[in-house]
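What follows is the content of data16.txt, which has compact mmCIF, C-alpha atoms:
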```txt
# COMPACT_ATOMS: atom_id res chain seq x y z
CA GLN A 1 -62.78 7.32 -74.24
CA LEU A 2 -61.09 6.11 -71.08
CA GLN A 3 -59.35 2.76 -71.03
CA LEU A 4 -58.21 1.06 -67.84
CA GLN A 5 -56.09 -2.06 -67.47
CA GLU A 6 -55.27 -3.94 -64.27
CA SER A 7 -51.96 -5.72 -63.75
CA GLY A 8 -50.55 -7.76 -60.90
CA PRO A 9 -50.02 -11.29 -59.58
CA GLY A 10 -52.69 -13.92 -60.03
CA LEU A 11 -51.65 -15.90 -56.96
CA VAL A 12 -50.70 -14.60 -53.53
CA LYS A 13 -50.00 -16.47 -50.29
CA PRO A 14 -52.07 -16.02 -47.12
CA SER A 15 -50.81 -13.30 -44.76
CA GLU A 16 -48.93 -11.59 -47.62
CA THR A 17 -49.70 -8.24 -49.27
CA LEU A 18 -51.39 -7.83 -52.65
CA SER A 19 -50.26 -5.07 -55.00
CA LEU A 20 -52.25 -4.23 -58.14
CA THR A 21 -51.77 -1.44 -60.64
CA CYS A 22 -54.28 0.19 -62.98
CA SER A 23 -52.93 1.86 -66.12
CA VAL A 24 -55.13 4.64 -67.47
CA SER A 25 -55.27 5.99 -71.02
CA GLY A 26 -57.57 8.58 -72.52
CA ASP A 27 -57.28 11.09 -69.68
CA SER A 28 -54.88 12.13 -66.95
CA ILE A 29 -55.38 10.75 -63.45
CA ASN A 30 -54.64 14.30 -62.35
CA THR A 31 -58.00 15.45 -63.67
CA ASN A 32 -60.59 16.71 -61.20
CA LYS A 33 -63.30 14.99 -63.24
CA TYR A 34 -62.84 11.52 -61.74
CA PHE A 35 -62.13 9.56 -58.63
CA TRP A 36 -60.07 6.44 -59.37
CA ALA A 37 -61.47 3.35 -57.72
CA TRP A 38 -60.97 -0.32 -56.97
CA ILE A 39 -63.88 -2.76 -56.76
CA ARG A 40 -63.71 -6.50 -56.19
CA GLN A 41 -66.00 -9.46 -56.81
CA PRO A 42 -65.47 -12.82 -55.04
CA PRO A 43 -66.33 -15.84 -57.21
CA GLY A 44 -70.09 -16.14 -57.60
CA LYS A 45 -70.75 -13.09 -55.41
CA GLY A 46 -71.56 -9.41 -55.80
CA LEU A 47 -69.54 -6.25 -56.24
CA GLN A 48 -67.73 -4.66 -53.31
CA TRP A 49 -66.26 -1.17 -53.45
CA ILE A 50 -62.76 -1.20 -51.94
CA GLY A 51 -61.88 2.48 -52.12
CA SER A 52 -61.14 5.54 -54.24
CA VAL A 53 -58.44 8.16 -54.68
CA TYR A 54 -58.93 11.71 -55.95
CA HIS A 55 -56.41 13.83 -57.85
CA SER A 56 -55.77 15.76 -54.63
CA GLY A 57 -54.47 12.57 -53.04
CA ASN A 58 -57.49 12.28 -50.78
CA THR A 59 -58.52 8.68 -50.28
CA TYR A 60 -61.81 7.06 -49.30
CA TYR A 61 -61.98 3.44 -48.14
CA ASN A 62 -64.64 0.85 -47.40
CA PRO A 63 -64.82 0.78 -43.59
CA SER A 64 -64.69 -3.02 -43.61
CA LEU A 65 -61.27 -2.94 -45.34
CA ASP A 66 -59.92 0.39 -44.10
CA SER A 67 -57.22 -1.06 -41.83
CA ARG A 68 -55.69 -3.15 -44.66
CA VAL A 69 -56.04 -0.95 -47.76
CA THR A 70 -53.94 1.74 -49.39
CA ILE A 71 -54.80 3.35 -52.75
CA SER A 72 -52.45 5.84 -54.37
CA GLY A 73 -51.81 7.52 -57.70
CA ASP A 74 -48.64 7.93 -59.79
CA THR A 75 -49.15 10.83 -62.16
CA SER A 76 -45.77 10.27 -63.87
CA LYS A 77 -46.98 6.89 -65.13
CA ASN A 78 -50.71 7.78 -65.27
CA GLN A 79 -51.42 4.82 -63.01
CA PHE A 80 -53.05 4.21 -59.67
CA SER A 81 -52.48 1.28 -57.38
CA LEU A 82 -54.01 -0.86 -54.65
CA THR A 83 -52.24 -2.57 -51.77
CA LEU A 84 -54.18 -4.97 -49.52
CA SER A 85 -52.36 -6.50 -46.58
CA SER A 86 -52.84 -9.55 -44.34
CA LEU A 87 -54.54 -11.56 -47.05
CA THR A 88 -56.82 -14.52 -46.38
CA ALA A 89 -58.77 -16.84 -48.66
CA ALA A 90 -61.72 -14.47 -48.31
CA ASP A 91 -59.79 -11.92 -50.38
CA THR A 92 -59.86 -14.22 -53.42
CA ALA A 93 -61.74 -12.22 -56.05
CA VAL A 94 -61.70 -10.52 -59.41
CA TYR A 95 -60.33 -7.03 -58.81
CA PHE A 96 -61.57 -4.25 -61.09
CA CYS A 97 -60.25 -0.74 -61.43
CA ALA A 98 -62.71 1.91 -62.58
CA SER A 99 -63.24 5.62 -63.07
CA LEU A 100 -65.85 7.18 -60.80
CA LEU A 101 -67.33 10.34 -62.24
CA GLY A 102 -67.40 13.11 -59.66
CA GLY A 103 -70.74 14.78 -59.04
CA SER A 104 -72.78 11.90 -60.45
CA TYR A 105 -70.78 9.23 -58.64
CA PHE A 106 -71.17 6.52 -61.24
CA PHE A 107 -68.50 4.26 -62.68
CA ASP A 108 -68.30 5.15 -66.34
CA SER A 109 -65.30 3.02 -67.36
CA TRP A 110 -64.04 -0.31 -66.01
CA GLY A 111 -60.98 -2.45 -66.52
CA GLN A 112 -61.44 -6.03 -67.64
CA GLY A 113 -60.71 -7.34 -64.15
CA SER A 114 -57.84 -9.32 -62.66
CA LEU A 115 -58.41 -12.60 -60.83
CA VAL A 116 -56.41 -12.84 -57.61
CA THR A 117 -56.33 -16.13 -55.75
CA VAL A 118 -55.08 -16.29 -52.17
CA SER A 119 -53.68 -19.74 -51.53
CA SER A 120 -50.57 -21.38 -50.19
CA ASN B 1 -73.17 3.75 -43.45
CA PHE B 2 -76.18 2.47 -45.38
CA MET B 3 -77.24 -0.65 -47.29
CA LEU B 4 -78.95 -1.27 -50.61
CA THR B 5 -81.11 -4.42 -50.77
CA GLN B 6 -82.08 -6.10 -54.02
CA PRO B 7 -84.02 -9.30 -54.70
CA HIS B 8 -81.66 -12.20 -55.27
CA SER B 9 -83.34 -13.20 -58.52
CA VAL B 10 -86.20 -12.37 -60.88
CA SER B 11 -87.48 -14.11 -63.98
CA GLU B 12 -89.82 -13.23 -66.82
CA SER B 13 -90.64 -14.26 -70.36
CA PRO B 14 -89.33 -12.64 -73.53
CA GLY B 15 -91.27 -9.56 -74.59
CA LYS B 16 -92.56 -8.95 -71.07
CA THR B 17 -91.60 -6.24 -68.56
CA VAL B 18 -89.66 -6.81 -65.36
CA THR B 19 -88.83 -4.47 -62.50
CA ILE B 20 -85.90 -4.84 -60.10
CA SER B 21 -86.06 -2.98 -56.80
CA CYS B 22 -83.26 -1.50 -54.71
CA THR B 23 -84.25 -0.46 -51.18
CA ARG B 24 -82.07 1.85 -49.14
CA SER B 25 -81.79 1.30 -45.39
CA GLY B 26 -80.12 4.14 -43.51
CA GLY B 27 -80.78 7.49 -45.06
CA SER B 28 -83.06 8.73 -47.82
CA ILE B 29 -82.98 7.23 -51.31
CA GLY B 30 -83.35 10.74 -52.69
CA SER B 31 -80.26 12.07 -50.91
CA ASN B 32 -77.77 10.67 -53.41
CA TYR B 33 -78.00 9.52 -57.02
CA VAL B 34 -78.66 5.85 -57.78
CA GLN B 35 -77.08 4.07 -60.74
CA TRP B 36 -77.69 0.68 -62.30
CA TYR B 37 -75.18 -1.67 -63.92
CA GLN B 38 -75.52 -4.80 -66.02
CA GLN B 39 -72.94 -7.55 -65.75
CA ARG B 40 -72.89 -10.51 -68.08
CA PRO B 41 -70.99 -13.69 -67.07
CA GLY B 42 -67.25 -13.18 -67.26
CA GLY B 43 -67.57 -9.50 -68.12
CA SER B 44 -67.13 -6.14 -66.48
CA PRO B 45 -70.19 -4.17 -65.37
CA THR B 46 -71.61 -1.60 -67.78
CA THR B 47 -73.75 1.39 -66.88
CA LEU B 48 -77.45 1.20 -67.74
CA ILE B 49 -78.75 4.12 -65.68
CA TYR B 50 -76.98 6.97 -63.91
CA GLU B 51 -78.29 9.89 -61.85
CA ASP B 52 -81.45 7.93 -60.97
CA ASN B 53 -82.98 7.90 -64.47
CA GLN B 54 -80.44 8.93 -67.11
CA ARG B 55 -79.34 6.54 -69.84
CA PRO B 56 -75.83 6.70 -71.31
CA SER B 57 -75.71 6.94 -75.08
CA GLY B 58 -76.14 3.52 -76.62
CA VAL B 59 -78.40 2.12 -73.89
CA PRO B 60 -81.85 1.29 -75.33
CA ASP B 61 -84.88 3.10 -73.96
CA ARG B 62 -86.21 -0.32 -72.90
CA PHE B 63 -84.20 0.37 -69.72
CA SER B 64 -85.55 2.97 -67.31
CA GLY B 65 -84.84 4.04 -63.74
CA PHE B 66 -87.18 5.45 -61.13
CA ILE B 67 -86.96 6.72 -57.56
CA ASP B 68 -89.82 6.11 -55.12
CA ARG B 69 -89.31 8.22 -52.02
CA SER B 70 -92.38 6.73 -50.34
CA SER B 71 -90.76 3.28 -50.20
CA ASN B 72 -87.21 4.64 -50.01
CA SER B 73 -86.30 2.59 -53.03
CA ALA B 74 -85.07 2.80 -56.59
CA SER B 75 -86.17 0.55 -59.41
CA LEU B 76 -84.91 -0.57 -62.79
CA THR B 77 -87.55 -1.51 -65.35
CA ILE B 78 -86.72 -3.48 -68.46
CA SER B 79 -89.46 -3.68 -71.07
CA GLY B 80 -89.62 -5.88 -74.16
CA LEU B 81 -87.35 -8.46 -72.54
CA GLU B 82 -84.81 -10.11 -74.81
CA SER B 83 -82.71 -13.20 -74.18
CA GLU B 84 -79.58 -11.04 -74.17
CA ASP B 85 -80.94 -9.19 -71.10
CA GLU B 86 -80.21 -12.29 -69.02
CA ALA B 87 -77.50 -11.03 -66.69
CA ASP B 88 -76.79 -9.76 -63.17
CA TYR B 89 -77.96 -6.25 -62.30
CA TYR B 90 -76.54 -4.05 -59.54
CA CYS B 91 -77.71 -0.78 -58.06
CA GLN B 92 -75.15 1.61 -56.58
CA SER B 93 -75.20 4.80 -54.58
CA TYR B 94 -72.91 6.72 -52.25
CA ASN B 95 -72.94 8.91 -49.14
CA ASP B 96 -71.80 12.42 -48.41
CA ASN B 97 -68.39 11.10 -47.32
CA ASN B 98 -67.71 9.75 -50.82
CA ALA B 99 -68.21 6.14 -49.71
CA VAL B 100 -69.73 3.94 -52.43
CA VAL B 101 -72.26 1.17 -51.77
CA PHE B 102 -73.47 -1.55 -54.15
CA GLY B 103 -76.63 -3.57 -53.80
CA GLY B 104 -76.16 -7.32 -53.55
CA GLY B 105 -77.15 -7.87 -57.17
CA THR B 106 -80.14 -9.46 -58.90
CA LYS B 107 -79.90 -12.34 -61.34
CA LEU B 108 -82.36 -11.89 -64.21
CA THR B 109 -83.48 -15.03 -65.99
CA VAL B 110 -85.33 -14.65 -69.28
CA LEU B 111 -87.50 -17.76 -69.46
```
Turn the structure described in the file into structure tokens.
Amino acid sequence: QLQLQESGPGLVKPSETLSLTCSVSGDSINTNKYFWAWIRQPPGKGLQWIGSVYHSGNTYYNPSLDSRVTISGDTSKNQFSLTLSSLTAADTAVYFCASLLGGSYFFDSWGQGSLVTVSS
Amino acid sequence: NFMLTQPHSVSESPGKTVTISCTRSGGSIGSNYVQWYQQRPGGSPTTLIYEDNQRPSGVPDRFSGFIDRSSNSASLTISGLESEDEADYYCQSYNDNNAVVFGGGTKLTVL
């Protein structure tokens, strides 16, 4: 059973860059079974897919965030990470990491979520 | 890209049946699998339906998924409503470029 856990700052200033890490246990991020993904949810709003990374290093981003997002994997630590630049208040959200099952393309495991507030 | 449109909210009484729709605009609903997630307040989403109509182990058969190609939509039906079903429900699909799309979510109120 996969377990995912987000870590990172809870408060970031406008115009700065957010960095979050997702630690994975129960499988290697080098597996070809999953994509590793970030999803966010602004307070009181719906889910928004941010992007995904595959074991090959290939990345796939939401076009609305593409210019500000980088997702990468660190196989030595069995973690994957998200960086989001040029933050504004609109980026305030709960950020989830999740495993996206290849072929079926559904998220079968989620982290508990990490609230990030963008404020000066 | 494409969009998935859900009703903002639905409500029904305990014991009844409710259906939540998810309409795809841009492309065919049958082109890519549709999944459904339940999210309770303060929690992470959990999978109710994957691959259009498959239930993960542990999900009651009160939850069922269906694809209607004539209306280019997917639907989630919950029968025998229970108070614990009160939650937000999201549909999700993807395109051939591995981009993922969520519907806007539907708030289910069990009266």
Taking all atoms listed in the file into account, find every residue of chain A that has an atom no more than 10 Å from chain B, and write it out as a count of residues only. 33
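Here atom CA of B:Cys22 stands at a distance of 6.0 Å from atom CA of B:Leu4.
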Counting all atoms listed in the file, which residues come within 7 Å of (-58.0, -11.8, -60.7), with the point read in the file's coordinates, and could you list them as a ChimeraX atom specification? /A:10,93-95,113-117
Take the selection from the previous step and output its residues with C-alpha atoms, as a PDB file, keeping the file's coordinate frame.
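New file part_34.pdb:
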```pdb
ATOM      1  CA  GLY A  10     -52.690 -13.920 -60.030  1.00  0.00           C
ATOM      2  CA  ALA A  93     -61.740 -12.220 -56.050  1.00  0.00           C
ATOM      3  CA  VAL A  94     -61.700 -10.520 -59.410  1.00  0.00           C
ATOM      4  CA  TYR A  95     -60.330  -7.030 -58.810  1.00  0.00           C
ATOM      5  CA  GLY A 113     -60.710  -7.340 -64.150  1.00  0.00           C
ATOM      6  CA  SER A 114     -57.840  -9.320 -62.660  1.00  0.00           C
ATOM      7  CA  LEU A 115     -58.410 -12.600 -60.830  1.00  0.00           C
ATOM      8  CA  VAL A 116     -56.410 -12.840 -57.610  1.00  0.00           C
ATOM      9  CA  THR A 117     -56.330 -16.130 -55.750  1.00  0.00           C
TER      10      THR A 117
END
```
Could you check how far atom CA of B:Ser21 sits from atom CA of B:Asn72, in Å to one decimal? 10.3 Å
List the neighbours of B:Glu12 out to 10 Å using all atoms listed in the file; skip same-chain residues closer than 6 positions along the sequence, and give me the result as an MDAnalysis selection string. chainID B and resid 18:19 81:82 86 108:111
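For the atom pair formed by atom CA of A:Pro43 and atom CA of A:Val118, the distance is 12.3 Å, given to one decimal.
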Distance query A:Asn78 at most 9 Å, all atoms listed in the file, self and fewer than 5 positions along chain excluded, as number ranges by chain: A: 22-25, 27-30, 73
